[in-house]
$ cat coords08.txt   # compact mmCIF, C-alpha atoms and all ligand atoms
# COMPACT_ATOMS: atom_id res chain seq x y z
CA MET A 1272 0.00 0.00 0.00
CA ALA A 1273 2.79 2.40 0.97
CA GLY A 1274 4.59 1.47 -2.25
CA ILE A 1275 1.53 2.44 -4.33
CA GLU A 1276 1.26 5.82 -2.52
CA VAL A 1277 4.97 6.59 -3.08
CA SER A 1278 4.58 5.62 -6.72
CA SER A 1279 1.50 7.89 -7.11
CA THR A 1280 3.33 10.79 -5.47
CA ILE A 1281 6.27 10.36 -7.84
CA GLN A 1282 3.88 10.26 -10.82
CA VAL A 1283 2.27 13.52 -9.72
CA ILE A 1284 5.69 15.16 -9.25
CA VAL A 1285 6.82 14.04 -12.70
CA ALA A 1286 3.53 15.31 -14.18
CA LEU A 1287 4.15 18.71 -12.54
CA ILE A 1288 7.68 18.76 -13.97
CA ALA A 1289 6.21 18.00 -17.43
CA SER A 1290 3.78 20.93 -16.97
CA ALA A 1291 6.62 23.23 -15.93
CA LEU A 1292 8.61 22.15 -18.98
CA TYR A 1293 5.65 22.98 -21.23
CA VAL A 1294 5.39 26.45 -19.66
CA ALA A 1295 9.13 26.99 -20.20
CA THR A 1296 8.80 25.87 -23.84
CA TYR A 1297 5.83 28.20 -24.35
CA LEU A 1298 7.65 31.22 -22.88
CA SER A 1299 10.77 30.48 -24.89
CA PHE A 1300 8.66 30.16 -28.06
CA VAL A 1301 6.77 33.44 -27.62
CA HIS A 1302 10.12 35.14 -26.96
CA LEU A 1303 11.40 33.69 -30.23
CA LEU A 1304 8.46 35.18 -32.14
CA ARG A 1305 9.93 38.67 -31.80
CA PHE A 1306 12.16 37.83 -34.79
CA PRO A 1307 9.49 37.16 -37.47
CA ARG A 1308 7.42 39.94 -35.94
CA ASN A 1309 10.29 42.36 -36.67
CA TRP A 1310 11.05 40.82 -40.08
CA CYS A 1311 14.34 39.27 -38.88
CA SER A 1312 15.73 35.77 -39.34
CA THR A 1313 15.33 33.74 -36.22
CA SER A 1314 18.28 33.40 -33.85
CA LEU A 1315 19.81 29.88 -33.99
CA PRO A 1316 20.72 29.63 -30.26
CA GLU A 1317 17.24 30.74 -29.21
CA SER A 1318 15.61 28.35 -31.71
CA LEU A 1319 17.75 25.50 -30.38
CA THR A 1320 16.82 26.34 -26.78
CA THR A 1321 13.12 26.24 -27.65
CA GLY A 1322 13.55 23.00 -29.60
CA ILE A 1323 15.43 21.31 -26.74
CA LEU A 1324 12.78 22.35 -24.22
CA ALA A 1325 10.04 20.95 -26.49
CA ALA A 1326 12.00 17.71 -27.01
CA LEU A 1327 12.50 17.31 -23.24
CA THR A 1328 8.76 17.79 -22.68
CA VAL A 1329 7.90 15.16 -25.30
CA ALA A 1330 10.51 12.74 -23.90
CA LEU A 1331 9.35 13.17 -20.32
CA VAL A 1332 5.72 12.57 -21.29
CA SER A 1333 6.29 9.52 -23.49
CA LEU A 1334 9.24 7.73 -21.84
CA PHE A 1335 8.86 5.42 -18.84
CA THR A 1336 11.65 3.51 -17.06
CA ASP A 1337 10.90 0.33 -18.98
CA SER A 1338 8.77 1.39 -21.96
CA LEU A 1339 7.77 4.01 -24.52
CA ASP A 1340 4.19 5.31 -24.62
CA ARG A 1341 3.88 5.51 -28.43
CA PRO A 1342 0.37 7.06 -28.56
CA ALA A 1343 1.50 9.77 -26.11
CA LEU A 1344 4.60 10.40 -28.23
CA VAL A 1345 2.53 10.84 -31.41
CA ILE A 1346 -0.04 13.03 -29.66
CA MET A 1347 2.63 15.27 -28.12
CA VAL A 1348 4.48 15.80 -31.40
CA ALA A 1349 1.22 16.55 -33.24
CA PHE A 1350 0.01 18.83 -30.44
CA PHE A 1351 3.23 20.86 -30.40
CA GLY A 1352 3.03 21.21 -34.19
CA VAL A 1353 -0.55 22.49 -34.19
CA VAL A 1354 -0.40 24.73 -31.11
CA SER A 1355 2.86 26.37 -32.18
CA TYR A 1356 1.36 27.09 -35.63
CA ILE A 1357 -1.64 28.75 -33.98
CA ILE A 1358 0.47 30.78 -31.54
CA ALA A 1359 2.96 31.90 -34.21
CA ALA A 1360 0.45 32.83 -36.94
CA PRO A 1361 -0.05 36.50 -35.91
CA ALA A 1362 3.73 37.11 -35.82
CA PHE A 1363 4.18 35.64 -39.31
CA ALA A 1364 1.15 37.47 -40.68
CA PHE A 1365 3.08 40.74 -40.30
CA ARG A 1366 4.14 39.95 -43.87
CA PRO A 1367 1.87 38.55 -46.59
CA ALA A 1368 1.37 34.94 -45.55
CA SER A 1369 -0.44 31.78 -46.64
CA ARG A 1370 -4.23 31.66 -46.35
CA LEU A 1371 -3.97 29.30 -43.38
CA VAL A 1372 -1.61 31.62 -41.47
CA GLU A 1373 -3.79 34.66 -42.29
CA PHE A 1374 -6.86 32.73 -41.13
CA LEU A 1375 -5.27 31.66 -37.84
CA ALA A 1376 -3.91 35.18 -37.28
CA LYS A 1377 -7.42 36.60 -37.67
CA HIS A 1378 -8.66 34.25 -34.94
CA GLY A 1379 -5.46 34.41 -32.87
CA ASP A 1380 -7.17 35.47 -29.63
CA TYR A 1381 -9.08 32.22 -29.32
CA ALA A 1382 -7.81 29.74 -31.97
CA GLY A 1383 -5.91 27.86 -29.24
CA LEU A 1384 -9.24 27.06 -27.58
CA TRP A 1385 -10.29 25.04 -30.64
CA LEU A 1386 -7.90 22.37 -29.33
CA PHE A 1387 -9.85 22.06 -26.09
CA GLY A 1388 -12.21 19.31 -27.38
CA PRO A 1389 -9.50 17.11 -28.94
CA ALA A 1390 -7.26 17.57 -25.87
CA PHE A 1391 -10.12 16.54 -23.57
CA VAL A 1392 -10.87 13.38 -25.60
CA VAL A 1393 -7.18 12.43 -25.78
CA GLY A 1394 -6.77 13.03 -22.05
CA LEU A 1395 -9.64 10.62 -21.36
CA ALA A 1396 -8.52 8.01 -23.90
CA ILE A 1397 -4.83 7.79 -22.96
CA PRO A 1398 -4.20 7.05 -19.26
CA ASN A 1399 -0.92 8.96 -19.04
CA ILE A 1400 -0.98 11.51 -16.22
CA LYS A 1401 2.02 13.39 -17.65
CA LEU A 1402 0.25 13.84 -21.00
CA GLN A 1403 -2.94 14.90 -19.21
CA ALA A 1404 -1.00 17.46 -17.16
CA VAL A 1405 0.69 19.00 -20.22
CA LEU A 1406 -2.57 19.21 -22.19
CA ALA A 1407 -4.36 20.77 -19.21
CA THR A 1408 -1.54 23.31 -18.78
CA ALA A 1409 -1.60 24.22 -22.47
CA MET A 1410 -5.36 24.72 -22.42
CA ALA A 1411 -5.13 26.81 -19.24
CA ILE A 1412 -2.58 29.09 -20.97
CA GLU A 1413 -4.82 29.43 -24.06
CA LEU A 1414 -7.86 30.19 -21.90
CA THR A 1415 -5.94 32.80 -19.89
CA TRP A 1416 -4.70 34.41 -23.11
CA PHE A 1417 -8.25 34.58 -24.50
CA LEU A 1418 -9.73 36.02 -21.30
CA ARG A 1419 -6.99 38.62 -20.91
CA GLN A 1420 -7.42 39.76 -24.51
CA ARG A 1421 -11.19 39.88 -24.15
CA TRP A 1422 -10.96 41.79 -20.87
CA ALA A 1423 -8.45 44.34 -22.17
CA GLY A 1424 -10.50 44.86 -25.34
CA ARG A 1425 -13.52 46.06 -23.33
CA ARG A 1426 -11.78 49.36 -22.61
CA ARG A 1427 -11.42 50.54 -26.20
CA PRO A 1428 -12.29 54.26 -26.59
CA HIS A 1429 -14.41 55.59 -29.49
CA TYR A 1430 -12.82 57.54 -32.31
CA LEU A 1431 -14.44 59.28 -35.28
CA LEU A 1432 -13.26 58.54 -38.78
CA ASN A 1433 -12.58 61.65 -40.88
CA ASP A 1434 -14.02 62.11 -44.36
CA HIS A 1435 -10.96 60.70 -46.12
CA ASP A 1436 -10.85 57.65 -43.84
CA LEU A 1437 -14.53 57.04 -44.64
CA SER A 1438 -14.06 57.48 -48.39
CA VAL A 1439 -11.21 54.97 -48.44
CA LEU A 1440 -13.17 52.55 -46.23
CA ASN A 1441 -16.26 52.76 -48.45
CA THR A 1442 -14.17 52.29 -51.58
CA GLN A 1443 -12.40 49.19 -50.26
CA ALA A 1444 -15.70 47.80 -48.94
CA LYS A 1445 -17.38 48.52 -52.29
CA GLY A 1446 -20.15 50.20 -50.30
CA ASP A 1447 -20.95 47.09 -48.23
CA LEU A 1448 -19.51 48.04 -44.82
CA VAL A 1449 -21.43 45.34 -42.94
CA GLY A 1450 -20.17 42.56 -45.21
CA PHE A 1451 -16.63 43.99 -45.27
CA ARG A 1452 -16.54 44.14 -41.47
CA ARG A 1453 -17.82 40.57 -41.15
CA ARG A 1454 -15.57 39.13 -43.87
CA HIS A 1455 -12.36 40.56 -42.41
CA ILE A 1456 -13.43 40.46 -38.74
CA ILE A 1457 -12.79 44.19 -38.24
CA SER A 1458 -14.10 44.27 -34.68
CA GLU A 1459 -12.96 47.90 -34.21
CA LEU A 1460 -15.41 49.12 -36.85
CA GLU A 1461 -18.71 50.05 -35.23
CA LEU A 1462 -21.80 50.47 -37.40
CA VAL A 1463 -24.80 51.67 -35.43
CA LYS A 1464 -27.93 53.13 -37.08
CA GLY A 1465 -26.08 54.50 -40.07
CA THR A 1466 -23.16 55.99 -38.12
CA VAL A 1467 -19.63 54.72 -38.52
CA SER A 1468 -17.07 54.93 -35.71
CA TRP A 1469 -13.93 53.15 -34.59
CA ARG A 1470 -13.40 51.44 -31.25
CA GLY A 1471 -9.78 52.44 -30.99
CA CYS A 1472 -6.72 51.09 -29.28
CA GLY A 1473 -5.12 52.58 -26.17
CA LYS A 1474 -2.13 52.04 -23.95
CA MET A 1475 -3.69 49.08 -22.14
CA THR A 1476 -5.88 47.57 -24.89
CA PRO A 1477 -4.75 45.18 -27.59
CA PRO A 1478 -3.49 47.22 -30.58
CA CYS A 1479 -5.53 47.54 -33.77
CA PRO A 1480 -4.09 44.97 -36.19
CA PHE A 1481 -3.62 47.85 -38.57
CA ASN A 1482 -0.82 46.28 -40.59
CA LEU A 1483 -3.57 43.98 -41.88
CA TYR A 1484 -6.06 46.81 -42.39
CA VAL A 1485 -3.48 49.09 -44.03
CA ASN A 1486 -1.30 46.69 -46.01
CA ARG A 1487 -3.75 43.97 -46.97
CA LEU A 1488 -7.10 45.81 -47.07
CA GLY A 1489 -5.80 49.23 -48.18
CA LEU A 1490 -7.49 51.28 -45.44
CA ASN A 1491 -6.13 54.44 -43.87
CA THR A 1492 -4.21 54.04 -40.62
CA ALA A 1493 -6.83 54.14 -37.85
CA PRO A 1494 -7.24 57.49 -36.01
CA CYS A 1495 -6.19 55.97 -32.67
CA CYS A 1496 -3.07 54.48 -34.22
CA ARG A 1497 -2.20 57.81 -35.89
CA GLU A 1498 -2.53 59.57 -32.55
CA HIS A 1499 -0.32 57.00 -30.77
CA MET A 1500 2.26 57.08 -33.58
CA LYS A 1501 2.51 60.82 -33.04
CA ASP A 1502 3.07 60.35 -29.28
CA LEU A 1503 5.62 57.62 -29.95
CA THR A 1504 7.54 59.75 -32.46
CA HIS A 1505 7.78 62.60 -29.96
CA HIS A 1506 8.90 60.17 -27.23
CA VAL A 1507 11.65 58.59 -29.33
CA ALA A 1508 12.99 61.89 -30.67
CA ALA A 1509 12.95 63.41 -27.17
CA CYS A 1510 14.89 60.42 -25.76
CA LEU A 1511 17.50 60.59 -28.53
CA SER A 1512 17.92 64.35 -28.11
CA GLU A 1513 18.18 63.97 -24.32
CA MET A 1514 20.92 61.37 -24.81
CA GLY A 1515 22.75 63.51 -27.38
CA VAL A 1516 22.38 60.90 -30.14
CA VAL A 1517 22.72 62.10 -33.75
CA HIS A 1518 19.46 61.00 -35.39
CA TRP A 1519 17.15 61.80 -38.29
CA LEU A 1520 13.71 60.94 -39.66
CA GLU A 1521 13.97 58.03 -42.06
CA GLY A 1522 11.94 56.37 -44.84
CA GLY A 1523 8.18 56.87 -44.75
CA SER A 1524 8.34 59.25 -41.78
CA LEU A 1525 10.69 61.61 -43.65
CA LEU A 1526 8.50 61.23 -46.74
CA GLY A 1527 5.48 62.32 -44.68
CA ALA A 1528 7.37 65.29 -43.27
CA VAL A 1529 8.53 66.48 -46.72
CA ARG A 1530 5.77 65.43 -49.13
CA GLU A 1531 2.70 65.43 -46.87
CA ASN A 1532 3.42 68.79 -45.23
CA GLY A 1533 4.50 67.40 -41.87
CA ALA A 1534 1.83 64.68 -41.56
CA LEU A 1535 1.94 60.91 -41.59
CA ILE A 1536 1.33 59.17 -44.87
CA ASP A 1537 -2.33 58.04 -44.78
CA TRP A 1538 -1.39 54.36 -44.91
CA GLU A 1539 1.65 54.65 -42.61
CA ASP A 1540 2.39 51.44 -40.69
CA ASP A 1541 5.41 52.41 -38.59
CA ILE A 1542 7.74 55.24 -37.62
CA ASP A 1543 11.28 55.23 -38.98
CA ILE A 1544 14.13 57.04 -37.25
CA SER A 1545 17.84 56.41 -37.80
CA VAL A 1546 20.76 57.02 -35.46
CA LEU A 1547 24.51 57.34 -35.86
CA LEU A 1548 26.74 55.28 -33.59
CA ASP A 1549 30.41 56.08 -33.03
CA HIS A 1550 32.93 56.05 -30.16
CA ASP A 1551 30.89 58.74 -28.34
CA MET A 1552 27.67 56.75 -28.59
CA THR A 1553 28.03 52.99 -28.60
CA TRP A 1554 25.35 50.34 -29.03
CA ASP A 1555 25.42 49.59 -25.29
CA GLN A 1556 24.94 53.25 -24.35
CA LEU A 1557 22.11 53.68 -26.85
CA ALA A 1558 20.38 50.46 -25.75
CA ALA A 1559 20.69 51.25 -22.02
CA GLY A 1560 19.40 54.81 -22.50
CA LEU A 1561 16.38 53.75 -24.56
CA VAL A 1562 15.48 50.84 -22.26
CA GLU A 1563 15.65 53.09 -19.20
CA ARG A 1564 13.52 55.81 -20.79
CA GLY A 1565 11.05 53.27 -22.22
CA ALA A 1566 10.50 51.84 -18.73
CA ARG A 1567 10.13 55.37 -17.32
CA ASP A 1568 7.55 56.51 -19.90
CA GLY A 1569 5.75 53.17 -20.44
CA TYR A 1570 6.97 52.05 -23.87
CA PHE A 1571 8.13 48.55 -24.80
CA VAL A 1572 11.73 48.43 -26.06
CA ASP A 1573 13.13 45.45 -27.96
CA LEU A 1574 16.81 45.23 -28.94
CA PHE A 1575 18.27 43.55 -32.04
CA GLU A 1576 22.01 44.16 -31.82
CA LYS A 1577 23.05 41.72 -34.54
CA GLU A 1578 20.52 43.15 -36.99
CA GLY A 1579 21.39 46.74 -35.99
CA PHE A 1580 18.06 48.09 -34.89
CA VAL A 1581 15.85 48.85 -31.91
CA SER A 1582 12.08 48.64 -31.98
CA ILE A 1583 10.06 50.76 -29.57
CA SER A 1584 6.36 50.00 -29.28
CA PHE A 1585 3.52 52.07 -27.94
CA ASP A 1586 2.07 49.39 -25.67
CA ALA A 1587 3.05 49.38 -22.02
CA PRO A 1588 5.56 46.69 -20.97
CA LYS A 1589 3.86 43.80 -19.13
CA ARG A 1590 5.19 42.01 -16.08
CA TRP A 1591 7.05 38.72 -16.32
CA PRO A 1592 6.02 36.09 -17.43
CA PHE A 1593 3.53 37.86 -19.70
CA GLN A 1594 5.95 40.36 -21.26
CA TRP A 1595 6.73 38.26 -24.36
CA GLU A 1596 3.15 37.17 -24.97
CA ARG A 1597 2.78 40.49 -26.79
CA ASN A 1598 4.39 38.66 -29.72
CA ARG A 1599 1.07 36.83 -30.11
CA LEU A 1600 -0.69 40.12 -30.85
CA ARG A 1601 -1.69 40.78 -34.41
CA GLY A 1602 -0.49 44.37 -34.64
CA GLU A 1603 1.46 47.06 -32.87
CA ILE A 1604 2.38 50.71 -33.11
CA ARG A 1605 6.11 50.72 -33.49
CA ALA A 1606 9.09 52.96 -34.17
CA ASP A 1607 12.00 51.20 -35.86
CA ILE A 1608 15.36 52.75 -35.05
CA ALA A 1609 18.05 51.76 -37.54
CA ILE A 1610 21.75 51.99 -36.72
CA TYR A 1611 24.23 53.74 -39.02
CA ARG A 1612 28.00 53.91 -38.70
CA ARG A 1613 30.67 55.88 -40.53
CA ALA A 1614 32.45 53.99 -43.32
CA ILE A 1615 34.47 54.51 -46.49
CA SER A 1616 33.01 53.02 -49.66
CA HIS A 1617 34.67 53.43 -53.07
CA GLY A 1618 36.84 56.20 -51.60
CA GLU A 1619 33.83 58.19 -50.35
CA ASP A 1620 32.73 58.96 -46.77
CA VAL A 1621 29.38 57.32 -46.20
CA LEU A 1622 27.00 56.57 -43.36
CA GLU A 1623 26.25 52.88 -43.57
CA ARG A 1624 23.53 50.56 -42.25
CA GLY A 1625 23.36 46.78 -42.24
CA SER A 1626 19.85 46.34 -43.62
CA HIS A 1627 18.37 47.25 -46.96
CA LYS A 1628 16.23 50.39 -47.19
CA GLY A 1629 14.43 51.57 -50.35
CA ALA A 1630 16.90 51.80 -53.22
CA MET A 1631 19.83 52.76 -50.98
CA PRO A 1632 23.01 51.60 -52.79
CA ALA A 1633 25.20 48.78 -51.48
CA THR A 1634 28.56 49.66 -49.95
CA GLU A 1635 31.92 47.95 -50.37
CA SER A 1636 31.62 46.26 -47.00
CA GLY A 1637 28.26 44.64 -47.79
CA GLY A 1638 25.97 47.18 -46.10
CA TYR A 1639 23.94 50.04 -47.56
CA GLY A 1640 25.00 53.65 -47.43
CA VAL A 1641 24.44 57.32 -48.22
CA PRO A 1642 27.14 59.98 -48.79
CA ARG A 1643 27.88 61.58 -45.43
CA GLU A 1644 27.22 65.16 -46.56
CA ILE A 1645 23.63 64.29 -47.49
CA ILE A 1646 22.91 63.51 -43.83
CA LEU A 1647 25.38 65.53 -41.75
CA PRO A 1648 25.08 67.98 -40.19
CA THR A 1649 21.42 67.17 -39.62
CA SER A 1650 18.78 69.81 -40.20
CA THR A 1651 15.19 70.05 -38.88
CA VAL A 1652 11.79 69.60 -40.46
CA ALA A 1653 8.23 70.16 -39.20
CA PHE A 1654 6.50 66.85 -38.45
CA LEU A 1655 3.48 65.92 -36.33
CA GLY A 1656 3.32 69.31 -34.64
CA GLY A 1657 7.00 69.57 -33.72
CA ASP A 1658 10.45 70.11 -35.18
CA PHE A 1659 12.37 66.88 -35.81
CA ALA A 1660 15.92 66.20 -36.91
CA CYS A 1661 16.20 65.23 -40.58
CA PRO A 1662 19.05 64.69 -43.08
CA HIS A 1663 20.96 67.81 -44.15
CA GLN A 1664 19.56 67.35 -47.67
CA PRO A 1665 16.18 65.67 -47.10
CA GLU A 1666 15.08 65.79 -50.74
CA ALA A 1667 18.35 64.23 -51.95
CA TYR A 1668 18.03 61.56 -49.27
CA LEU A 1669 14.47 60.74 -50.36
CA ARG A 1670 15.56 60.58 -54.00
CA ILE A 1671 18.17 57.96 -53.05
CA LEU A 1672 15.51 55.91 -51.28
CA TYR A 1673 12.55 56.34 -53.59
CA GLY A 1674 13.63 58.07 -56.83
CA ASP A 1675 10.85 60.52 -57.75
CA TYR A 1676 9.35 60.66 -54.27
CA SER A 1677 6.64 63.15 -55.28
CA LYS A 1678 4.94 60.27 -57.10
CA VAL A 1679 2.79 58.26 -54.71
CA GLU A 1680 3.87 54.64 -54.37
CA TYR A 1681 1.85 52.33 -52.17
CA THR A 1682 4.84 50.58 -50.61
CA TYR A 1683 3.79 47.45 -48.70
CA VAL A 1684 0.13 47.83 -49.74
CA ASP A 1685 -1.23 44.90 -51.78
CA VAL A 1686 -1.75 45.72 -55.47
CA GLY A 1687 -5.57 45.39 -55.62
CA PRO A 1688 -6.33 47.60 -52.58
CA ALA A 1689 -3.62 50.08 -53.68
CA ASN A 1690 -5.23 50.47 -57.11
CA ALA A 1691 -8.67 50.80 -55.53
CA ARG A 1692 -7.66 53.73 -53.35
CA ALA A 1693 -5.47 55.52 -55.90
CA GLU A 1694 -8.32 57.53 -57.39
CA ILE A 1695 -9.64 59.01 -54.15
CA ASP A 1696 -6.11 59.71 -52.91
CA ALA A 1697 -5.42 61.65 -56.11
CA VAL A 1698 -8.29 64.08 -55.45
CA SER A 1699 -7.98 64.41 -51.67
CA ASP A 1700 -6.12 67.21 -49.95
CA PRO A 1701 -2.98 66.41 -47.95
CA PRO A 1702 -3.91 65.16 -44.48
CA VAL A 1703 -3.85 67.61 -41.62
CA GLN A 1704 -2.46 66.74 -38.19
ZN ZN B 1801 -5.54 51.82 -33.09
$ encode --input "coords08.txt" --output "structure tokens" --more "lines below"
Ligand SMILES: [Zn+2]
Amino acid sequence: MAGIEVSSTIQVIVALIASALYVATYLSFVHLLRFPRNWCSTSLPESLTTGILAALTVALVSLFTDSLDRPALVIMVAFFGVVSYIIAAPAFAFRPASRLVEFLAKHGDYAGLWLFGPAFVVGLAIPNIKLQAVLATAMAIELTWFLRQRWAGRRRPHYLLNDHDLSVLNTQAKGDLVGFRRRHIISELELVKGTVSWRGCGKMTPPCPFNLYVNRLGLNTAPCCREHMKDLTHHVAACLSEMGVVHWLEGGSLLGAVRENGALIDWEDDIDISVLLDHDMTWDQLAAGLVERGARDGYFVDLFEKEGFVSISFDAPKRWPFQWERNRLRGEIRADIAIYRRAISHGEDVLERGSHKGAMPATESGGYGVPREIILPTSTVAFLGGDFACPHQPEAYLRILYGDYSKVEYTYVDVGPANARAEIDAVSDPPVQ
């Protein structure tokens, strides 16, 4: 009798260890998702860590001292495959993705709960307490995720759509707003008795998945997201100025400042700012300064040293262990800060970055660069109600990136929605901030 009790206690302890291993695998996996979410290749050491944790979980569940539980092994491998696909879909849907990934991303708040029925049946059919513990843990995590998203989403404030937002929305919906909302699950769009409004995002709500709405559906950036992008731009520029970092508006943000009279491009999906690192401002100093100020002012800072950029997001940092679950969200309001360094290329002084940007030419050392005098010394330009640092020759800089930048190009917007909105954009006045 005592032997049976000891054996049961050991089984329960091992089942708890299996649950803990699943939680560790889950946290490691959601941490890993920051790479596809930021359009980077995944880190090999971090991928290996996640893979080893998953393998240990599977081994612990299916191996016994004298046998192998084959059904449990098959179920665990299949379960990991399906649940990781569901969890990762929103991070991969930041770029155009397969129909299945797009579908799962749309339902990302609750798709994990679809596994509840199969997990319950398997748990009853296979008398393996370790398997039952892992499946129960996984379902508890999915349920908690769903409830937290649902709870946070209740606090979304109302925003009005301006005339241009409405024109673009009606054009893309071909006049059928109800069908368009249902087809694309645009839960932010509120249609009540003929009035159209937007249940917007805030600091503590889930973000609008506006990369989908803007890039795939061809809508204008939502009014809430525009407002938060403005706040974020002011925060980032103020931090960089406070730290004495040489910086300038980059890409679409500079294009908005110059071509759109100081406003965001209507279909803007992020803020771009670049910084110059040298012996006076190293990566470590920049990273420490931005992390400290992000924590102070309530912005989430993510560092990508190898890739040479920092992303700063509008949403408030969450406490451990939930901080990396944000990578399951379908959208975010983000400023991408790209790193430049001084270099010589073909005998010319250039400022060079590691990643491709627009049509910026390649340098001798394998990066991408701009002649130094086009950027330095930086000048200022009016943007979003303030004065921001910009390249010394902003028009020349934009020509390097985009050629004839006065011609509207719907970068990152799918071809069909871009063509649909071209006509109304051509007749509308520049947006006003
Ligand atoms: Zn929003």
$ closest_atom_pairs --input "coords08.txt" --of "chain A" --to "ligand ZN 1801 (chain B)" --cutoff "9 Å" --atoms "all atoms listed in the file" --output "tab-separated table"
residue	atom	partner	partner_atom	distance
A:Glu1459	CA	B:ZN1801	ZN	8.5
A:Trp1469	CA	B:ZN1801	ZN	8.6
A:Arg1470	CA	B:ZN1801	ZN	8.1
A:Gly1471	CA	B:ZN1801	ZN	4.8
A:Cys1472	CA	B:ZN1801	ZN	4.1
A:Gly1473	CA	B:ZN1801	ZN	7.0
A:Pro1477	CA	B:ZN1801	ZN	8.7
A:Pro1478	CA	B:ZN1801	ZN	5.6
A:Cys1479	CA	B:ZN1801	ZN	4.3
A:Pro1480	CA	B:ZN1801	ZN	7.7
A:Phe1481	CA	B:ZN1801	ZN	7.0
A:Thr1492	CA	B:ZN1801	ZN	8.0
A:Ala1493	CA	B:ZN1801	ZN	5.5
A:Pro1494	CA	B:ZN1801	ZN	6.6
A:Cys1495	CA	B:ZN1801	ZN	4.2
A:Cys1496	CA	B:ZN1801	ZN	3.8
A:Arg1497	CA	B:ZN1801	ZN	7.4
A:Glu1498	CA	B:ZN1801	ZN	8.3
A:His1499	CA	B:ZN1801	ZN	7.7
A:Glu1603	CA	B:ZN1801	ZN	8.5
A:Ile1604	CA	B:ZN1801	ZN	8.0
$ atom_distance --input "coords08.txt" --atom1 "atom CA of Leu1647 of chain A" --atom2 "atom CA of Thr1553 of chain A"
18.4 Å
$ closest_residue --input "coords08.txt" --among "A:Arg1452, A:Arg1366, A:Lys1577, A:His1435" --to "Arg1487 of chain A" --atoms "all atoms listed in the file"
A:Arg1366
$ residues_near_point --input "coords08.txt" --point "(-8.1, 44.8, -23.7)" --cutoff "10 Å" --atoms "all atoms listed in the file" --output "PDB file with C-alpha atoms, in the frame of the given file"
ATOM      1  CA  LEU A1418      -9.730  36.020 -21.300  1.00  0.00           C
ATOM      2  CA  ARG A1419      -6.990  38.620 -20.910  1.00  0.00           C
ATOM      3  CA  GLN A1420      -7.420  39.760 -24.510  1.00  0.00           C
ATOM      4  CA  ARG A1421     -11.190  39.880 -24.150  1.00  0.00           C
ATOM      5  CA  TRP A1422     -10.960  41.790 -20.870  1.00  0.00           C
ATOM      6  CA  ALA A1423      -8.450  44.340 -22.170  1.00  0.00           C
ATOM      7  CA  GLY A1424     -10.500  44.860 -25.340  1.00  0.00           C
ATOM      8  CA  ARG A1425     -13.520  46.060 -23.330  1.00  0.00           C
ATOM      9  CA  ARG A1426     -11.780  49.360 -22.610  1.00  0.00           C
ATOM     10  CA  ARG A1427     -11.420  50.540 -26.200  1.00  0.00           C
ATOM     11  CA  CYS A1472      -6.720  51.090 -29.280  1.00  0.00           C
ATOM     12  CA  GLY A1473      -5.120  52.580 -26.170  1.00  0.00           C
ATOM     13  CA  LYS A1474      -2.130  52.040 -23.950  1.00  0.00           C
ATOM     14  CA  MET A1475      -3.690  49.080 -22.140  1.00  0.00           C
ATOM     15  CA  THR A1476      -5.880  47.570 -24.890  1.00  0.00           C
ATOM     16  CA  PRO A1477      -4.750  45.180 -27.590  1.00  0.00           C
ATOM     17  CA  PRO A1478      -3.490  47.220 -30.580  1.00  0.00           C
TER      18      PRO A1478
END
$ residues_around --input "coords08.txt" --residues "Phe1306 of chain A" --least-positions-apart "6" --cutoff "12 Å" --atoms "all atoms listed in the file" --output "list of chain:residue names"
A:Phe1300, A:Ser1312, A:Thr1313, A:Ser1314, A:Leu1315, A:Glu1317, A:Ser1318, A:Ala1359, A:Ala1362, A:Phe1363, A:Phe1365, A:Asp1573, A:Leu1574, A:Phe1575, A:Lys1577, A:Glu1578, A:Phe1580, A:Val1581, A:Ser1582, A:Trp1595, A:Asn1598
$ residues_around --input "coords08.txt" --residues "Ala1508 of chain A" --least-positions-apart "6" --cutoff "10 Å" --atoms "all atoms listed in the file" --output "list in words"
Met1514, Val1516, His1518, Trp1519, Leu1520, Ile1544, Asp1658, Phe1659 and Ala1660 of chain A
$ closest_residue --input "coords08.txt" --among "A:Val1529, A:Met1500, A:Ala1404, A:Ala1614" --to "Leu1548 of chain A" --atoms "all atoms listed in the file"
A:Ala1614
$ closest_residue --input "coords08.txt" --among "A:Leu1483, A:Gly1523, A:Tyr1611, A:Asp1586" --to "Met1552 of chain A" --atoms "all atoms listed in the file"
A:Tyr1611
$ closest_residue --input "coords08.txt" --among "A:Val1679, A:Gly1515, A:Lys1401, A:Leu1431" --to "Ser1279 of chain A" --atoms "only C-alpha atoms"
A:Lys1401
$ residues_around --input "coords08.txt" --residues "Ala1286 of chain A" --least-positions-apart "5" --cutoff "12 Å" --atoms "only C-alpha atoms" --output "VMD selection string"
chain A and resid 1279 to 1281 1291 to 1293 1328 to 1329 1331 to 1333 1399 to 1408
$ residues_around --input "coords08.txt" --residues "Ala1653 of chain A" --least-positions-apart "5" --cutoff "12 Å" --atoms "only C-alpha atoms" --output "PyMOL selection string"
chain A and resi 1505+1520+1524-1535+1658-1661+1704
$ atom_distance --input "coords08.txt" --atom1 "atom CA of His1302 of chain A" --atom2 "atom CA of Glu1576 of chain A"
15.7 Å
